[in-house]
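Shown next: upload32.cif, given as mmCIF, C-alpha atoms (C1' of nucleotides).
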data_upload
#
loop_
_atom_site.label_atom_id
_atom_site.label_comp_id
_atom_site.auth_asym_id
_atom_site.auth_seq_id
_atom_site.Cartn_x
_atom_site.Cartn_y
_atom_site.Cartn_z
CA MET A 781 23.63 35.77 18.27
CA GLY A 782 21.84 38.71 19.83
CA THR A 783 20.98 36.66 22.88
CA THR A 784 22.67 37.08 26.23
CA LYS A 785 24.81 34.05 27.07
CA SER A 786 23.35 33.56 30.53
CA GLU A 787 24.82 30.10 30.83
CA LEU A 788 28.27 31.64 31.24
CA PHE A 789 27.32 33.43 34.43
CA SER A 790 26.39 32.56 37.99
CA THR A 791 22.82 32.54 39.20
CA LYS A 792 23.60 35.55 41.35
CA HIS A 793 24.96 37.58 38.47
CA ASN A 794 22.08 36.64 36.21
CA ALA A 795 19.57 37.50 38.91
CA LEU A 796 21.06 40.92 39.52
CA ALA A 797 21.10 41.59 35.79
CA VAL A 798 17.44 40.62 35.47
CA ALA A 799 16.55 42.91 38.36
CA ALA A 800 18.59 45.74 36.90
CA LYS A 801 16.89 45.29 33.56
CA VAL A 802 13.58 46.16 35.17
CA LEU A 803 15.06 49.41 36.45
CA ALA A 804 16.77 50.05 33.11
CA HIS A 805 13.88 52.06 31.72
CA PRO A 806 12.84 55.45 33.13
CA ALA A 807 9.15 54.61 32.77
CA ARG A 808 9.52 51.62 35.05
CA VAL A 809 11.55 53.66 37.54
CA ALA A 810 8.83 56.30 37.49
CA ILE A 811 6.05 53.73 37.81
CA LEU A 812 7.75 52.02 40.74
CA GLU A 813 8.43 55.32 42.46
CA TYR A 814 4.87 56.46 41.96
CA ILE A 815 3.33 53.25 43.25
CA SER A 816 5.75 52.97 46.14
CA GLN A 817 4.94 56.46 47.35
CA GLN A 818 1.17 56.12 47.37
CA GLU A 819 -0.31 55.83 50.82
CA ALA A 820 -3.21 53.81 49.52
CA CYS A 821 -3.17 51.58 46.51
CA ILE A 822 -3.66 53.11 43.13
CA CYS A 823 -5.19 51.61 40.07
CA ASN A 824 -4.87 53.43 36.81
CA ASP A 825 -3.62 57.02 36.85
CA LEU A 826 -0.31 55.77 35.50
CA VAL A 827 -1.20 56.54 31.91
CA ASP A 828 -1.86 60.16 32.91
CA VAL A 829 1.06 60.44 35.29
CA ILE A 830 3.64 58.87 33.01
CA GLY A 831 2.48 60.04 29.60
CA LEU A 832 2.90 56.84 27.63
CA SER A 833 0.03 55.03 25.97
CA GLN A 834 -2.06 52.53 27.87
CA PRO A 835 -0.68 49.46 26.08
CA THR A 836 2.86 50.62 26.73
CA ILE A 837 2.17 51.18 30.43
CA SER A 838 0.55 47.77 30.61
CA GLN A 839 3.63 46.25 29.04
CA HIS A 840 5.94 47.95 31.53
CA LEU A 841 3.73 46.88 34.43
CA ASN A 842 4.02 43.35 33.17
CA GLU A 843 7.82 43.52 33.29
CA ILE A 844 7.57 44.70 36.89
CA LYS A 845 5.12 41.92 37.69
CA LYS A 846 7.39 39.32 36.17
CA ILE A 847 10.10 39.80 38.77
CA GLY A 848 7.50 39.75 41.52
CA LEU A 849 7.58 43.40 42.53
CA LEU A 850 3.84 43.92 42.19
CA HIS A 851 1.42 42.69 44.75
CA GLY A 852 -2.27 43.23 45.21
CA ASN A 853 -5.70 42.49 43.99
CA PHE A 854 -5.71 41.91 40.26
CA GLU A 855 -9.24 40.50 40.09
CA GLY A 856 -12.65 41.54 41.28
CA LYS A 857 -13.94 45.07 41.29
CA ASN A 858 -11.00 46.80 42.90
CA LEU A 859 -8.05 46.75 40.58
CA CYS A 860 -5.07 47.56 42.67
CA TYR A 861 -1.36 47.71 42.13
CA CYS A 862 1.08 47.93 44.94
CA ILE A 863 4.61 46.98 45.80
CA ASN A 864 5.46 43.54 47.09
CA ARG A 865 7.55 44.80 49.95
CA GLU A 866 9.24 41.50 50.63
CA ARG A 867 10.53 41.31 47.08
CA TRP A 868 11.40 44.99 47.19
CA GLU A 869 13.63 44.36 50.21
CA GLU A 870 15.21 41.38 48.49
CA LEU A 871 16.20 43.45 45.49
CA LYS A 872 17.32 46.30 47.71
CA ASN A 873 19.64 43.91 49.51
CA SER A 874 20.96 42.44 46.27
CA PHE A 875 22.01 45.84 45.00
CA GLN A 876 23.37 46.81 48.39
CA LYS A 877 25.49 43.69 48.59
CA PHE A 878 26.74 44.22 45.09
CA PHE A 879 27.81 47.77 45.78
CA ASP A 880 29.34 46.88 49.15
CA GLN A 881 31.78 44.35 47.79
CA ILE A 882 34.37 46.71 46.42
CA ALA A 883 37.88 46.00 47.65
CA GLN A 884 39.81 48.45 49.74
CA ASN A 885 42.92 48.67 47.63
CA CYS A 886 42.47 49.93 44.13
CA CYS A 887 44.42 52.41 42.06
CA MET B 750 9.26 53.97 17.61
CA GLY B 751 11.57 51.59 19.41
CA THR B 752 13.31 54.45 21.17
CA THR B 753 12.86 55.23 24.84
CA LYS B 754 10.96 58.48 25.31
CA SER B 755 13.43 59.97 27.77
CA GLU B 756 11.94 63.44 27.39
CA LEU B 757 8.93 62.28 29.38
CA PHE B 758 10.95 61.56 32.48
CA SER B 759 12.92 63.46 35.09
CA THR B 760 16.70 63.68 35.03
CA LYS B 761 16.80 61.55 38.14
CA HIS B 762 14.70 58.78 36.66
CA ASN B 763 16.65 58.79 33.42
CA ALA B 764 19.94 58.72 35.30
CA LEU B 765 18.92 55.74 37.41
CA ALA B 766 17.72 53.92 34.29
CA VAL B 767 21.04 54.56 32.54
CA ALA B 768 22.93 53.25 35.56
CA ALA B 769 20.66 50.21 35.81
CA LYS B 770 21.19 49.51 32.13
CA VAL B 771 24.89 49.00 32.79
CA LEU B 772 24.06 46.41 35.44
CA ALA B 773 21.41 44.85 33.20
CA HIS B 774 23.82 42.34 31.69
CA PRO B 775 25.42 39.53 33.69
CA ALA B 776 28.75 40.00 31.91
CA ARG B 777 28.97 43.57 33.13
CA VAL B 778 27.96 42.56 36.64
CA ALA B 779 30.65 39.88 36.58
CA ILE B 780 33.25 42.27 35.16
CA LEU B 781 32.49 44.89 37.77
CA GLU B 782 32.56 42.35 40.56
CA TYR B 783 35.84 40.94 39.34
CA ILE B 784 37.54 44.29 38.99
CA SER B 785 36.16 45.60 42.26
CA GLN B 786 37.49 42.63 44.18
CA GLN B 787 41.03 42.76 42.87
CA GLU B 788 43.54 44.01 45.36
CA ALA B 789 45.74 45.31 42.62
CA CYS B 790 44.62 46.53 39.25
CA ILE B 791 44.06 44.01 36.56
CA CYS B 792 44.48 44.38 32.84
CA ASN B 793 43.24 41.64 30.64
CA ASP B 794 42.29 38.30 32.24
CA LEU B 795 38.66 39.24 31.69
CA VAL B 796 38.38 37.32 28.45
CA ASP B 797 39.51 34.20 30.30
CA VAL B 798 37.51 34.85 33.44
CA ILE B 799 34.26 35.73 31.72
CA GLY B 800 34.36 33.49 28.68
CA LEU B 801 33.14 35.90 26.03
CA SER B 802 35.22 36.93 23.05
CA GLN B 803 37.67 39.78 23.29
CA PRO B 804 35.63 42.19 21.17
CA THR B 805 32.54 41.50 23.25
CA ILE B 806 34.41 42.10 26.51
CA SER B 807 35.82 45.30 25.08
CA GLN B 808 32.33 46.41 24.19
CA HIS B 809 31.04 45.72 27.69
CA LEU B 810 34.00 47.53 29.22
CA ASN B 811 33.13 50.50 27.08
CA GLU B 812 29.58 50.58 28.44
CA ILE B 813 31.02 50.59 31.95
CA LYS B 814 33.46 53.34 31.02
CA LYS B 815 30.69 55.46 29.55
CA ILE B 816 28.99 55.97 32.90
CA GLY B 817 32.30 56.75 34.52
CA LEU B 818 32.75 53.61 36.59
CA LEU B 819 36.21 52.82 35.25
CA HIS B 820 39.25 54.67 36.38
CA GLY B 821 42.89 54.06 35.74
CA ASN B 822 45.71 54.19 33.34
CA PHE B 823 44.53 53.53 29.80
CA GLU B 824 47.74 54.60 28.09
CA GLY B 825 51.40 53.84 28.42
CA LYS B 826 52.83 50.46 29.16
CA ASN B 827 50.64 49.55 32.08
CA LEU B 828 47.11 49.00 30.93
CA CYS B 829 45.00 49.05 34.00
CA TYR B 830 41.33 48.93 34.76
CA CYS B 831 39.91 49.75 38.11
CA ILE B 832 36.78 51.08 39.70
CA ASN B 833 36.21 54.80 40.03
CA ARG B 834 35.21 54.63 43.65
CA GLU B 835 33.66 58.08 43.74
CA ARG B 836 31.29 57.19 40.93
CA TRP B 837 30.70 53.79 42.47
CA GLU B 838 29.52 55.46 45.67
CA GLU B 839 27.33 57.81 43.69
CA LEU B 840 25.54 54.97 41.99
CA LYS B 841 25.32 53.03 45.23
CA ASN B 842 23.59 56.00 46.82
CA SER B 843 21.23 56.43 43.87
CA PHE B 844 20.02 52.87 44.14
CA GLN B 845 19.86 53.09 47.92
CA LYS B 846 17.74 56.22 47.78
CA PHE B 847 15.47 54.67 45.23
CA PHE B 848 14.88 51.60 47.32
CA ASP B 849 14.45 53.60 50.53
CA GLN B 850 11.58 55.70 49.29
CA ILE B 851 8.81 53.16 49.64
CA ALA B 852 5.81 54.41 51.63
CA GLN B 853 4.80 52.80 54.89
CA ASN B 854 1.19 52.07 54.07
CA CYS B 855 0.55 49.79 51.17
CA CYS B 856 -1.85 46.92 50.71
"C1'" DT C 1374 -29.66 43.52 28.24
"C1'" DT C 1375 -26.58 47.69 26.53
"C1'" DA C 1376 -23.12 51.11 27.43
"C1'" DC C 1377 -19.05 52.40 29.51
"C1'" DA C 1378 -14.55 52.14 31.79
"C1'" DT C 1379 -10.37 49.69 32.67
"C1'" DT C 1380 -6.79 46.63 31.60
"C1'" DA C 1381 -4.65 43.00 28.62
"C1'" DT C 1382 -3.21 41.15 24.32
"C1'" DC C 1383 -2.06 41.10 19.35
"C1'" DG C 1384 0.38 42.68 15.58
"C1'" DT C 1385 3.73 45.46 13.77
"C1'" DA C 1386 7.37 49.07 12.98
"C1'" DA C 1387 11.44 51.32 14.65
"C1'" DT C 1388 15.34 51.00 17.24
"C1'" DA C 1389 18.70 48.90 20.55
"C1'" DT C 1390 21.50 45.20 22.24
"C1'" DT C 1391 24.42 41.21 22.01
"C1'" DG C 1392 28.08 38.65 20.08
"C1'" DC C 1393 31.81 37.62 17.10
"C1'" DA C 1394 35.04 37.37 12.94
"C1'" DA C 1395 38.01 40.29 10.77
"C1'" DT C 1396 40.79 43.96 11.06
"C1'" DA C 1397 43.12 48.01 12.96
"C1'" DT C 1398 45.85 50.19 16.38
"C1'" DA C 1399 49.37 50.69 19.86
"C1'" DA C 1400 52.99 49.33 22.71
"C1'" DT C 1401 56.65 46.22 23.82
"C1'" DA C 1402 60.11 42.51 22.76
"C1'" DA C 1403 63.33 40.30 19.90
"C1'" DT D 696 63.30 46.43 11.56
"C1'" DT D 697 59.91 42.47 12.45
"C1'" DA D 698 57.32 39.77 15.67
"C1'" DT D 699 54.29 39.59 19.45
"C1'" DT D 700 50.82 40.94 22.68
"C1'" DA D 701 46.89 43.63 24.20
"C1'" DT D 702 43.07 46.30 23.22
"C1'" DA D 703 39.83 48.87 20.11
"C1'" DT D 704 37.02 49.32 16.07
"C1'" DT D 705 34.27 47.87 12.12
"C1'" DG D 706 30.67 45.38 10.08
"C1'" DC D 707 27.20 42.33 10.32
"C1'" DA D 708 23.61 38.82 11.83
"C1'" DA D 709 20.46 37.42 15.41
"C1'" DT D 710 17.63 38.74 18.89
"C1'" DA D 711 15.42 41.94 22.26
"C1'" DT D 712 13.16 46.13 23.49
"C1'" DT D 713 10.11 50.01 23.00
"C1'" DA D 714 5.96 52.02 21.53
"C1'" DC D 715 1.36 52.22 19.87
"C1'" DG D 716 -3.10 51.34 17.12
"C1'" DA D 717 -6.52 48.02 17.05
"C1'" DT D 718 -8.94 44.88 19.42
"C1'" DA D 719 -10.23 41.65 23.07
"C1'" DA D 720 -11.51 40.74 27.65
"C1'" DT D 721 -13.41 41.89 32.06
"C1'" DG D 722 -16.15 44.24 35.30
"C1'" DT D 723 -19.50 47.97 36.59
"C1'" DA D 724 -23.44 50.99 35.80
"C1'" DA D 725 -27.63 52.17 33.69
#
If you took the structure in this file and wrote it as structure tokens, what would it be?
Amino acid sequence: MGTTKSELFSTKHNALAVAAKVLAHPARVAILEYISQQEACICNDLVDVIGLSQPTISQHLNEIKKIGLLHGNFEGKNLCYCINRERWEELKNSFQKFFDQIAQNCC
Amino acid sequence: MGTTKSELFSTKHNALAVAAKVLAHPARVAILEYISQQEACICNDLVDVIGLSQPTISQHLNEIKKIGLLHGNFEGKNLCYCINRERWEELKNSFQKFFDQIAQNCC
DNA sequence: TTACATTATCGTAATATTGCAATATAATAA
DNA sequence: TTATTATATTGCAATATTACGATAATGTAA
């Protein structure tokens, strides 16, 4: 129990759900918005900007990383988080397609 | 602990997260897709189509109802679920705006 | 080297979500 | 009236998520 029965659903439906899950927390929405609007890459700042503790921010960043939305230089002296634009477009299209598929005739 | 600290975030960010949460389960994605593609309104069928138990489907439908995506005739002899297209467009626009706001210059 | 700053991980507590059996409710059919 | 059908609600068990203190790991600066 308690576990989502992913095996019942199509790859497409599962994938959209996984993507939506990343956006299903305001901190991750705020983090993504913040990073995506920076002209240059940012590093930390998020703890101050968001207002959650550093471990919590790190955890949220990890969720965002896991679906491939973060891109950049994670090693060396310049720590840098930025959006993987290719993946961003992919997800954008997935949501767009989902919302575009409504039928014309409904009550 | 365990609770999302919504008070830290803007109304907009919280609203998008709440909407995303509804799409964050493949059953709800599948239910919405199924309903939205029906020419006429459907009633039950979902238990058969989706493959989860009736109480679980009912629970998922309730989550979808709670953000206003379901519209129709819930009383009387014709039980009928269909998409509230106005709300659907609203959410579509929210996600679109979110995904459109990425900056041009990123690493 | 030591000290400092930044980020990740571990461990844990609180809460939320998922799923279903059992049951209740509501409307129609016989 | 008594079935029958469709949907909702209750209660509970299993699992997932959220948050953070403590600590580890990594890199830079002195």
Enumerate, in order of chain and increasing residue number, the residues of chain B with an atom no farther than 9 Å from chain C, each with its shortest atom pair and distance in Å to one decimal, counting all atoms listed in the file, as JSON lines.
{"residue": "B:Met750", "atom": "CA", "partner": "C:DA1387", "partner_atom": "C1'", "distance": 4.5}
{"residue": "B:Gly751", "atom": "CA", "partner": "C:DT1388", "partner_atom": "C1'", "distance": 4.4}
{"residue": "B:Thr752", "atom": "CA", "partner": "C:DT1388", "partner_atom": "C1'", "distance": 5.6}
{"residue": "B:Leu801", "atom": "CA", "partner": "C:DG1392", "partner_atom": "C1'", "distance": 8.3}
{"residue": "B:Ser802", "atom": "CA", "partner": "C:DC1393", "partner_atom": "C1'", "distance": 6.9}
{"residue": "B:Gln803", "atom": "CA", "partner": "C:DC1393", "partner_atom": "C1'", "distance": 8.8}
{"residue": "B:Pro804", "atom": "CA", "partner": "C:DC1393", "partner_atom": "C1'", "distance": 7.2}
{"residue": "B:Thr805", "atom": "CA", "partner": "C:DG1392", "partner_atom": "C1'", "distance": 6.2}
{"residue": "B:Gly825", "atom": "CA", "partner": "C:DA1400", "partner_atom": "C1'", "distance": 7.4}
{"residue": "B:Lys826", "atom": "CA", "partner": "C:DA1400", "partner_atom": "C1'", "distance": 6.6}
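Interface residues on chain D toward chain A (cut-off 9 Å, only C-alpha atoms (C1' of nucleotides)): DA708, DA709, DT710, DA711, DT713, DA714, DC715, DG722 and DT723 of chain D.
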Can you list every residue of stretch 803-852 of chain B that has an atom at most 9 Å from stretch 806-829 of chain A, with its nearest atom pair and the distance in Å to one decimal, using all atoms listed in the file, ordered by chain then number, as JSON lines?
{"residue": "B:Phe847", "atom": "CA", "partner": "A:Glu813", "partner_atom": "CA", "distance": 7.6}
{"residue": "B:Phe848", "atom": "CA", "partner": "A:Glu813", "partner_atom": "CA", "distance": 8.9}
{"residue": "B:Gln850", "atom": "CA", "partner": "A:Gln817", "partner_atom": "CA", "distance": 7.0}
{"residue": "B:Ile851", "atom": "CA", "partner": "A:Ser816", "partner_atom": "CA", "distance": 4.7}
{"residue": "B:Ala852", "atom": "CA", "partner": "A:Gln817", "partner_atom": "CA", "distance": 4.8}
Name all residues at most 9 Å from B:Arg834 (count only C-alpha atoms (C1' of nucleotides); drop same-chain ones fewer than 5 positions away) and give them as a PyMOL selection string. (chain A and resi 882+886) or (chain B and resi 818-820+839)
To one decimal place, how far is atom CA of B:Asn811 from atom C1' of D:DT702 in Å? 11.5 Å
Of the candidates B:Tyr830, B:Ala768, B:Ala773, B:Lys761, which one gets nearest to chain A if we count all atoms listed in the file? B:Ala773
Neighbour residues at most 10 Å from (24.3, 55.2, 43.2) (only C-alpha atoms (C1' of nucleotides)) as a PDB file with C-alpha atoms, in the coordinates of the input:
ATOM      1  CA  PHE A 875      22.010  45.840  45.000  1.00  0.00           C
ATOM      2  CA  GLN A 876      23.370  46.810  48.390  1.00  0.00           C
ATOM      3  CA  PHE A 879      27.810  47.770  45.780  1.00  0.00           C
TER       4      PHE A 879
ATOM      5  CA  ALA B 764      19.940  58.720  35.300  1.00  0.00           C
ATOM      6  CA  LEU B 765      18.920  55.740  37.410  1.00  0.00           C
ATOM      7  CA  ALA B 768      22.930  53.250  35.560  1.00  0.00           C
ATOM      8  CA  ALA B 769      20.660  50.210  35.810  1.00  0.00           C
ATOM      9  CA  GLU B 835      33.660  58.080  43.740  1.00  0.00           C
ATOM     10  CA  ARG B 836      31.290  57.190  40.930  1.00  0.00           C
ATOM     11  CA  TRP B 837      30.700  53.790  42.470  1.00  0.00           C
ATOM     12  CA  GLU B 838      29.520  55.460  45.670  1.00  0.00           C
ATOM     13  CA  GLU B 839      27.330  57.810  43.690  1.00  0.00           C
ATOM     14  CA  LEU B 840      25.540  54.970  41.990  1.00  0.00           C
ATOM     15  CA  LYS B 841      25.320  53.030  45.230  1.00  0.00           C
ATOM     16  CA  ASN B 842      23.590  56.000  46.820  1.00  0.00           C
ATOM     17  CA  SER B 843      21.230  56.430  43.870  1.00  0.00           C
ATOM     18  CA  PHE B 844      20.020  52.870  44.140  1.00  0.00           C
ATOM     19  CA  GLN B 845      19.860  53.090  47.920  1.00  0.00           C
ATOM     20  CA  LYS B 846      17.740  56.220  47.780  1.00  0.00           C
ATOM     21  CA  PHE B 847      15.470  54.670  45.230  1.00  0.00           C
TER      22      PHE B 847
END
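Taking atom CA of A:Gly831 and atom CA of A:Asn864 as endpoints, the distance between them is 24.2 Å.
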Shortest contact to D:DT704, candidates B:Ile816, B:Ser807, B:Asp849, B:Ala766, atoms counted only C-alpha atoms (C1' of nucleotides), goes to B:Ser807
